[in-house]
>>> print(open('upload_8.csv').read())   # CSV, C-alpha atoms
chain,number,residue,atom,x,y,z
A,17,MET,CA,-187.3,-232.6,-70.2
A,18,GLU,CA,-184.0,-233.7,-71.6
A,19,VAL,CA,-182.8,-237.2,-70.8
A,20,PRO,CA,-179.2,-237.4,-69.7
A,21,ILE,CA,-177.0,-239.7,-71.7
A,22,LEU,CA,-173.9,-241.1,-70.1
A,23,LYS,CA,-171.0,-242.8,-71.8
A,24,GLN,CA,-169.6,-245.8,-70.0
A,25,GLY,CA,-166.9,-247.6,-72.0
A,26,ALA,CA,-168.4,-248.6,-75.3
A,27,TYR,CA,-172.0,-248.1,-74.0
A,28,LEU,CA,-174.4,-245.2,-73.8
A,29,ILE,CA,-176.8,-245.1,-70.9
A,30,ALA,CA,-179.9,-243.0,-71.1
A,31,SER,CA,-181.7,-242.7,-67.8
A,32,ILE,CA,-185.2,-241.3,-68.1
A,33,GLN,CA,-185.8,-239.3,-65.0
A,34,SER,CA,-189.4,-238.2,-65.4
A,35,ALA,CA,-192.5,-238.3,-67.7
A,36,LEU,CA,-191.6,-237.5,-71.3
A,37,ASN,CA,-193.9,-236.0,-73.9
A,38,ASP,CA,-193.8,-237.0,-77.5
A,39,ALA,CA,-191.3,-234.3,-78.5
A,40,ASP,CA,-188.9,-235.4,-75.6
A,41,LEU,CA,-189.1,-239.0,-76.9
A,42,ARG,CA,-188.3,-238.0,-80.4
A,43,PHE,CA,-185.4,-235.9,-79.2
A,44,LEU,CA,-184.1,-238.8,-77.2
A,45,ARG,CA,-184.3,-241.1,-80.2
A,46,ASP,CA,-182.5,-238.7,-82.5
A,47,ASN,CA,-179.9,-237.9,-79.9
A,48,LEU,CA,-179.1,-241.6,-79.3
A,49,VAL,CA,-178.9,-242.5,-82.9
A,50,GLU,CA,-176.5,-239.6,-83.5
A,51,ARG,CA,-174.3,-240.3,-80.5
A,52,VAL,CA,-173.9,-244.0,-81.4
A,53,GLY,CA,-171.9,-242.8,-84.4
A,54,LYS,CA,-170.2,-239.8,-82.7
A,55,LEU,CA,-169.0,-241.8,-79.7
A,56,ARG,CA,-168.6,-245.1,-81.5
A,57,ALA,CA,-170.9,-246.9,-79.1
A,58,ARG,CA,-171.5,-250.7,-79.3
A,59,GLY,CA,-174.4,-250.8,-76.9
A,60,VAL,CA,-177.2,-248.6,-75.6
A,61,ILE,CA,-179.2,-248.9,-72.4
A,62,VAL,CA,-182.4,-247.0,-72.0
A,63,ASP,CA,-183.5,-247.0,-68.3
A,64,VAL,CA,-187.3,-246.5,-68.0
A,65,THR,CA,-187.5,-247.3,-64.3
A,66,ALA,CA,-188.9,-243.8,-63.6
A,67,LEU,CA,-191.7,-244.2,-66.2
A,68,ASP,CA,-195.1,-244.9,-64.7
A,69,VAL,CA,-196.9,-245.0,-68.1
A,70,MET,CA,-195.7,-246.5,-71.3
A,71,ASP,CA,-198.3,-245.7,-73.9
A,72,SER,CA,-198.3,-246.6,-77.6
A,73,TYR,CA,-196.2,-243.6,-78.6
A,74,ALA,CA,-193.5,-244.3,-76.0
A,75,SER,CA,-193.4,-248.0,-76.9
A,76,ARG,CA,-193.1,-247.2,-80.6
A,77,THR,CA,-190.3,-244.7,-80.0
A,78,LEU,CA,-188.3,-247.2,-77.9
A,79,ARG,CA,-188.8,-249.8,-80.6
A,80,ASP,CA,-187.6,-247.3,-83.2
A,81,ILE,CA,-184.5,-246.5,-81.0
A,82,ALA,CA,-183.6,-250.2,-80.8
A,83,HIS,CA,-184.0,-250.8,-84.5
A,84,MET,CA,-182.3,-247.6,-85.6
A,85,THR,CA,-179.3,-248.1,-83.3
A,86,ARG,CA,-179.0,-251.7,-84.5
A,87,LEU,CA,-178.8,-250.4,-88.1
A,88,ARG,CA,-176.0,-248.2,-86.8
A,89,GLY,CA,-174.1,-251.1,-85.3
A,90,ALA,CA,-175.1,-250.9,-81.7
A,91,GLU,CA,-177.4,-253.2,-79.6
A,92,THR,CA,-180.0,-251.6,-77.5
A,93,VAL,CA,-181.6,-253.0,-74.3
A,94,ILE,CA,-184.5,-251.4,-72.4
A,95,VAL,CA,-184.3,-251.9,-68.7
A,96,GLY,CA,-186.6,-251.2,-65.7
A,97,ILE,CA,-190.1,-251.7,-67.0
A,98,GLN,CA,-192.2,-251.7,-63.8
A,99,PRO,CA,-194.7,-254.5,-63.2
A,100,GLU,CA,-197.8,-252.4,-63.5
A,101,VAL,CA,-196.4,-250.7,-66.6
A,102,ALA,CA,-195.8,-254.2,-68.1
A,103,PHE,CA,-199.4,-255.2,-67.3
A,104,ALA,CA,-200.9,-252.1,-69.0
A,105,MET,CA,-198.6,-252.6,-72.0
A,106,VAL,CA,-199.8,-256.2,-72.5
A,107,GLN,CA,-203.4,-255.1,-72.2
A,108,LEU,CA,-202.8,-252.6,-75.0
A,109,GLY,CA,-200.9,-255.2,-77.1
A,110,LEU,CA,-197.6,-253.4,-76.8
A,111,MET,CA,-195.0,-256.2,-76.8
A,112,LEU,CA,-191.8,-254.3,-77.9
A,113,GLU,CA,-191.3,-257.1,-80.5
A,114,GLY,CA,-187.7,-257.5,-81.5
A,115,VAL,CA,-186.4,-255.3,-78.7
A,116,ALA,CA,-184.1,-256.7,-75.9
A,117,THR,CA,-185.3,-256.0,-72.4
A,118,ALA,CA,-183.7,-256.6,-69.0
A,119,LEU,CA,-184.8,-256.3,-65.4
A,120,ASP,CA,-182.5,-253.5,-64.4
A,121,LEU,CA,-179.3,-251.6,-65.3
A,122,GLU,CA,-177.0,-254.4,-64.0
A,123,GLU,CA,-178.8,-257.1,-66.1
A,124,GLY,CA,-178.8,-254.7,-69.0
A,125,LEU,CA,-175.0,-254.3,-68.8
A,126,GLU,CA,-174.6,-258.1,-68.5
A,127,PHE,CA,-176.7,-258.5,-71.6
A,128,LEU,CA,-174.6,-256.0,-73.6
A,129,ASN,CA,-171.4,-257.6,-72.4
A,130,SER,CA,-172.5,-261.0,-73.6
A,131,LYS,CA,-173.7,-259.6,-76.9
A,132,THR,CA,-170.4,-257.8,-77.6
A,133,ARG,CA,-168.4,-260.9,-76.5
A,134,ASP,CA,-170.3,-263.0,-79.0
A,135,ALA,CA,-169.6,-260.4,-81.7
A,136,ALA,CA,-165.9,-260.4,-80.8
A,137,ARG,CA,-165.8,-264.2,-81.1
A,138,GLU,CA,-167.6,-264.1,-84.4
A,139,GLY,CA,-165.0,-261.5,-85.6
A,140,SER,CA,-162.0,-263.6,-84.5
A,141,ARG,CA,-163.4,-266.7,-86.2
A,142,ARG,CA,-163.7,-264.9,-89.4
A,143,GLY,CA,-160.2,-263.4,-89.0
A,144,PRO,CA,-157.0,-264.7,-90.8
B,17,MET,CA,-220.1,-230.0,-39.4
B,18,ALA,CA,-219.9,-233.7,-40.1
B,19,HIS,CA,-216.9,-235.1,-41.9
B,20,GLU,CA,-218.5,-237.5,-44.4
B,21,GLU,CA,-215.5,-238.0,-46.6
B,22,ALA,CA,-211.9,-237.9,-45.8
B,23,VAL,CA,-211.0,-236.8,-49.3
B,24,LEU,CA,-213.3,-234.6,-51.3
B,25,VAL,CA,-212.8,-235.5,-54.9
B,26,GLN,CA,-212.9,-232.7,-57.4
B,27,GLU,CA,-213.8,-233.0,-61.0
B,28,GLU,CA,-210.8,-232.0,-63.2
B,29,ARG,CA,-210.8,-230.8,-66.7
B,30,ILE,CA,-207.6,-230.7,-68.8
B,31,ALA,CA,-207.5,-228.8,-72.1
B,32,ILE,CA,-205.7,-230.9,-74.7
B,33,LEU,CA,-203.8,-228.6,-77.2
B,34,SER,CA,-200.4,-230.3,-77.5
B,35,ASP,CA,-198.5,-233.4,-76.6
B,36,SER,CA,-197.5,-231.9,-73.3
B,37,ASP,CA,-201.1,-231.8,-72.3
B,38,VAL,CA,-201.2,-235.6,-72.9
B,39,VAL,CA,-198.7,-236.0,-70.1
B,40,LYS,CA,-200.6,-233.6,-67.9
B,41,ALA,CA,-203.9,-235.3,-68.4
B,42,ARG,CA,-202.6,-238.7,-67.5
B,43,GLN,CA,-200.8,-237.3,-64.4
B,44,VAL,CA,-204.0,-235.6,-63.2
B,45,GLY,CA,-205.9,-238.8,-63.9
B,46,ARG,CA,-203.5,-240.9,-62.0
B,47,THR,CA,-203.6,-238.6,-59.0
B,48,LEU,CA,-207.4,-238.8,-58.9
B,49,ALA,CA,-207.3,-242.6,-59.4
B,50,ALA,CA,-204.8,-242.9,-56.4
B,51,SER,CA,-207.0,-240.7,-54.2
B,52,LEU,CA,-210.0,-242.8,-55.1
B,53,GLY,CA,-208.2,-245.9,-53.8
B,54,PHE,CA,-207.3,-247.7,-57.1
B,55,SER,CA,-204.4,-250.1,-56.9
B,56,GLN,CA,-201.0,-249.2,-58.5
B,57,THR,CA,-201.9,-251.5,-61.4
B,58,ASP,CA,-205.3,-249.9,-62.0
B,59,GLN,CA,-203.7,-246.5,-61.7
B,60,ALA,CA,-201.3,-247.5,-64.5
B,61,LEU,CA,-204.2,-248.8,-66.6
B,62,ILE,CA,-206.2,-245.7,-66.2
B,63,ALA,CA,-203.3,-243.3,-66.8
B,64,THR,CA,-202.4,-245.3,-69.9
B,65,ALA,CA,-206.0,-245.2,-71.2
B,66,ILE,CA,-206.1,-241.4,-70.6
B,67,SER,CA,-202.8,-241.0,-72.5
B,68,GLU,CA,-204.1,-242.9,-75.5
B,69,LEU,CA,-207.4,-240.9,-75.5
B,70,ALA,CA,-205.7,-237.6,-75.1
B,71,ARG,CA,-203.2,-238.5,-77.9
B,72,ASN,CA,-206.1,-239.3,-80.2
B,73,ILE,CA,-207.4,-235.8,-79.6
B,74,VAL,CA,-204.0,-234.3,-80.6
B,75,LEU,CA,-203.7,-236.6,-83.6
B,76,TYR,CA,-207.2,-236.3,-85.0
B,77,ALA,CA,-208.8,-233.2,-83.7
B,78,ARG,CA,-205.8,-231.0,-82.6
B,79,SER,CA,-207.7,-229.8,-79.6
B,80,GLY,CA,-210.2,-230.9,-77.1
B,81,GLU,CA,-210.6,-231.7,-73.4
B,82,VAL,CA,-210.2,-234.6,-71.0
B,83,ARG,CA,-212.4,-234.7,-68.0
B,84,VAL,CA,-211.9,-237.0,-65.0
B,85,ASP,CA,-214.3,-237.4,-62.2
B,86,ALA,CA,-215.3,-239.7,-59.4
B,87,LEU,CA,-218.2,-242.2,-59.9
B,88,ARG,CA,-220.7,-243.4,-57.5
B,89,ASN,CA,-223.4,-246.0,-58.2
B,90,GLY,CA,-225.0,-247.2,-55.0
B,91,GLY,CA,-222.2,-248.9,-53.1
B,92,ARG,CA,-220.0,-249.0,-56.2
B,93,ARG,CA,-217.3,-246.4,-56.6
B,94,GLY,CA,-215.1,-245.8,-59.6
B,95,MET,CA,-213.7,-243.3,-62.0
B,96,LEU,CA,-215.0,-241.6,-65.1
B,97,VAL,CA,-212.9,-240.4,-68.0
B,98,ILE,CA,-214.4,-238.4,-70.8
B,99,ALA,CA,-212.3,-237.3,-73.8
B,100,ARG,CA,-214.1,-234.8,-76.0
B,101,ASP,CA,-213.2,-233.0,-79.2
B,102,ASP,CA,-214.7,-231.0,-82.0
B,103,GLY,CA,-212.6,-232.6,-84.6
B,104,PRO,CA,-213.6,-234.4,-87.8
B,105,GLY,CA,-215.4,-237.2,-86.0
B,106,ILE,CA,-215.4,-240.9,-86.7
B,107,SER,CA,-217.4,-241.9,-89.8
B,108,ASP,CA,-217.5,-245.6,-89.0
B,109,ILE,CA,-217.4,-246.2,-85.2
B,110,GLU,CA,-217.8,-250.0,-85.6
B,111,ARG,CA,-214.8,-250.1,-87.8
B,112,ALA,CA,-212.8,-247.9,-85.4
B,113,MET,CA,-213.5,-250.4,-82.7
B,114,GLU,CA,-212.0,-253.3,-84.7
B,115,PRO,CA,-208.5,-254.3,-83.5
B,116,GLY,CA,-205.8,-253.0,-85.7
B,117,PHE,CA,-207.9,-250.3,-87.3
B,118,SER,CA,-206.2,-247.0,-87.6
B,119,THR,CA,-206.4,-244.0,-89.9
B,120,SER,CA,-203.3,-242.3,-88.6
B,121,GLY,CA,-200.7,-244.6,-90.1
B,122,GLY,CA,-200.5,-246.7,-87.0
B,123,LEU,CA,-199.7,-243.8,-84.6
B,124,GLY,CA,-202.5,-244.4,-82.3
B,125,LEU,CA,-203.2,-247.8,-80.9
B,126,GLY,CA,-206.9,-247.3,-81.3
B,127,LEU,CA,-209.9,-247.6,-79.2
B,128,PRO,CA,-210.0,-251.4,-78.8
B,129,GLY,CA,-206.8,-251.2,-76.8
B,130,VAL,CA,-208.2,-248.5,-74.6
B,131,ARG,CA,-211.4,-250.6,-74.0
B,132,ARG,CA,-209.2,-253.4,-72.6
B,133,LEU,CA,-207.7,-251.1,-70.1
B,134,MET,CA,-211.0,-249.8,-68.8
B,135,ASP,CA,-214.2,-251.6,-67.6
B,136,ASP,CA,-216.4,-250.0,-70.3
B,137,LEU,CA,-216.0,-247.6,-73.2
B,138,LYS,CA,-218.6,-245.7,-75.2
B,139,VAL,CA,-217.9,-243.7,-78.3
B,140,GLU,CA,-220.2,-241.1,-79.6
B,141,SER,CA,-219.3,-239.4,-82.8
B,142,LYS,CA,-220.8,-237.7,-85.9
B,143,ARG,CA,-218.9,-236.9,-89.0
B,144,GLY,CA,-217.8,-233.3,-88.8
B,145,ARG,CA,-219.2,-232.8,-85.3
B,146,GLY,CA,-216.5,-234.2,-83.0
B,147,THR,CA,-216.1,-237.2,-80.9
B,148,THR,CA,-216.8,-238.0,-77.2
B,149,VAL,CA,-215.3,-241.1,-75.6
B,150,THR,CA,-216.7,-242.0,-72.2
B,151,ALA,CA,-214.8,-244.7,-70.2
B,152,ARG,CA,-215.3,-246.0,-66.7
B,153,LYS,CA,-213.3,-248.1,-64.3
B,154,TRP,CA,-214.8,-249.5,-61.1
B,155,LEU,CA,-213.0,-250.1,-57.8
B,156,ARG,CA,-212.7,-253.8,-56.9
>>> encode(input="upload_8.csv", output="structure tokens")
Amino acid sequence: MEVPILKQGAYLIASIQSALNDADLRFLRDNLVERVGKLRARGVIVDVTALDVMDSYASRTLRDIAHMTRLRGAETVIVGIQPEVAFAMVQLGLMLEGVATALDLEEGLEFLNSKTRDAAREGSRRGP
Amino acid sequence: MAHEEAVLVQEERIAILSDSDVVKARQVGRTLAASLGFSQTDQALIATAISELARNIVLYARSGEVRVDALRNGGRRGMLVIARDDGPGISDIERAMEPGFSTSGGLGLGLPGVRRLMDDLKVESKRGRGTTVTARKWLR
């Protein structure tokens, strides 16, 4: 099951539509990391609203996506973790440390906008 | 003929041979948990536990089976999950139950995490003779 990735401005939006197996998750990771460069994206949103289970492998892969895209210059935010999924994750000790999360797509976009604004300000301060 | 039960629950067995079967096992388990009357939250906990147990089979034993079934104990009702494989077995079960212990380079989250998702968890294993994990969750 391939996850569609949309480009919106400087952002990539990956909307997971149904349950993913481990191979699908790895494909999503590699695809996002590659497209950040190809499409010169500054932000990535992974929408997991449709996921009813987030096990250790899925959490780990999402964390890897966030860290790998950051190393490529893009900020990642995970949006749409459902309440019961969050509960199960906490029981398992899966905290997605170091990964930005937001309630939904709208909040995720707002987060990326504020991040890229900060980056732009930093850039102009350092300028001549 | 008397209708004793609105829903007749069937035992389900899912062969675990690849990571696609991990998804299948947790979906079958969730459907059973829903039909038994578990809350959305408990369904998520059970499905996540099955996912971890089935993944352990793929990681450590390559193949095995997950069995899910309804449980009845007097007035108590619940769900049974059994994950069985003929893999290398666990040489030190006590150690495998310690938080943070893993022999797969941190791929699996391990059995302590699964125990927190379920009401009880029992591991039977002999080196070279496979592993059987039996977990139960009761309806509240």
>>> closest_residue(input="upload_8.csv", among="A:Met84, A:Leu44, A:Ala104, A:Leu28", to="A:Gly59", atoms="all atoms listed in the file")
A:Leu28
>>> closest_residue(input="upload_8.csv", among="A:Met70, A:Leu41, A:Leu125, A:Ala30", to="chain B", atoms="only C-alpha atoms")
A:Met70
>>> residues_around(input="upload_8.csv", residues="stretch 41-54 of chain B", least_positions_apart="3", cutoff="6 Å", atoms="all atoms listed in the file", output="list of chain:residue names")
B:Ile30, B:Asp37, B:Val38, B:Asp58, B:Gln59, B:Ala63, B:Ile66, B:Ser67
>>> closest_atom_pairs(input="upload_8.csv", of="chain B", to="chain A", cutoff="8 Å", atoms="all atoms listed in the file", output="Markdown table")
| residue | atom | partner | partner_atom | distance |
| --- | --- | --- | --- | --- |
| B:Asp35 | CA | A:Asn37 | CA | 5.9 |
| B:Ser36 | CA | A:Asn37 | CA | 5.5 |
| B:Val38 | CA | A:Asn37 | CA | 7.4 |
| B:Val39 | CA | A:Asn37 | CA | 6.1 |
| B:Gln56 | CA | A:Glu100 | CA | 6.7 |
| B:Thr57 | CA | A:Glu100 | CA | 4.7 |
| B:Ala60 | CA | A:Glu100 | CA | 6.1 |
| B:Leu61 | CA | A:Ala104 | CA | 5.2 |
| B:Ala63 | CA | A:Val69 | CA | 6.7 |
| B:Thr64 | CA | A:Asp71 | CA | 5.7 |
| B:Ser67 | CA | A:Asp71 | CA | 6.7 |
| B:Glu68 | CA | A:Asp71 | CA | 6.6 |
| B:Leu123 | CA | A:Tyr73 | CA | 6.9 |
| B:Gly124 | CA | A:Ser72 | CA | 6.7 |
| B:Leu125 | CA | A:Ser72 | CA | 6.0 |
| B:Gly129 | CA | A:Leu108 | CA | 4.6 |
| B:Val130 | CA | A:Leu108 | CA | 6.8 |
| B:Arg132 | CA | A:Gln107 | CA | 6.1 |
| B:Leu133 | CA | A:Gln107 | CA | 6.2 |
>>> closest_residue(input="upload_8.csv", among="A:Thr117, A:Thr92, A:Asn129, A:Thr77", to="A:Phe43", atoms="all atoms listed in the file")
A:Thr77
>>> residues_around(input="upload_8.csv", residues="A:Gln33", least_positions_apart="5", cutoff="10 Å", atoms="only C-alpha atoms", output="PyMOL selection string")
chain A and resi 17-20+63-67
>>> atom_distance(input="upload_8.csv", atom1="atom CA of B:Ala112", atom2="atom CA of B:Val139")
9.7 Å
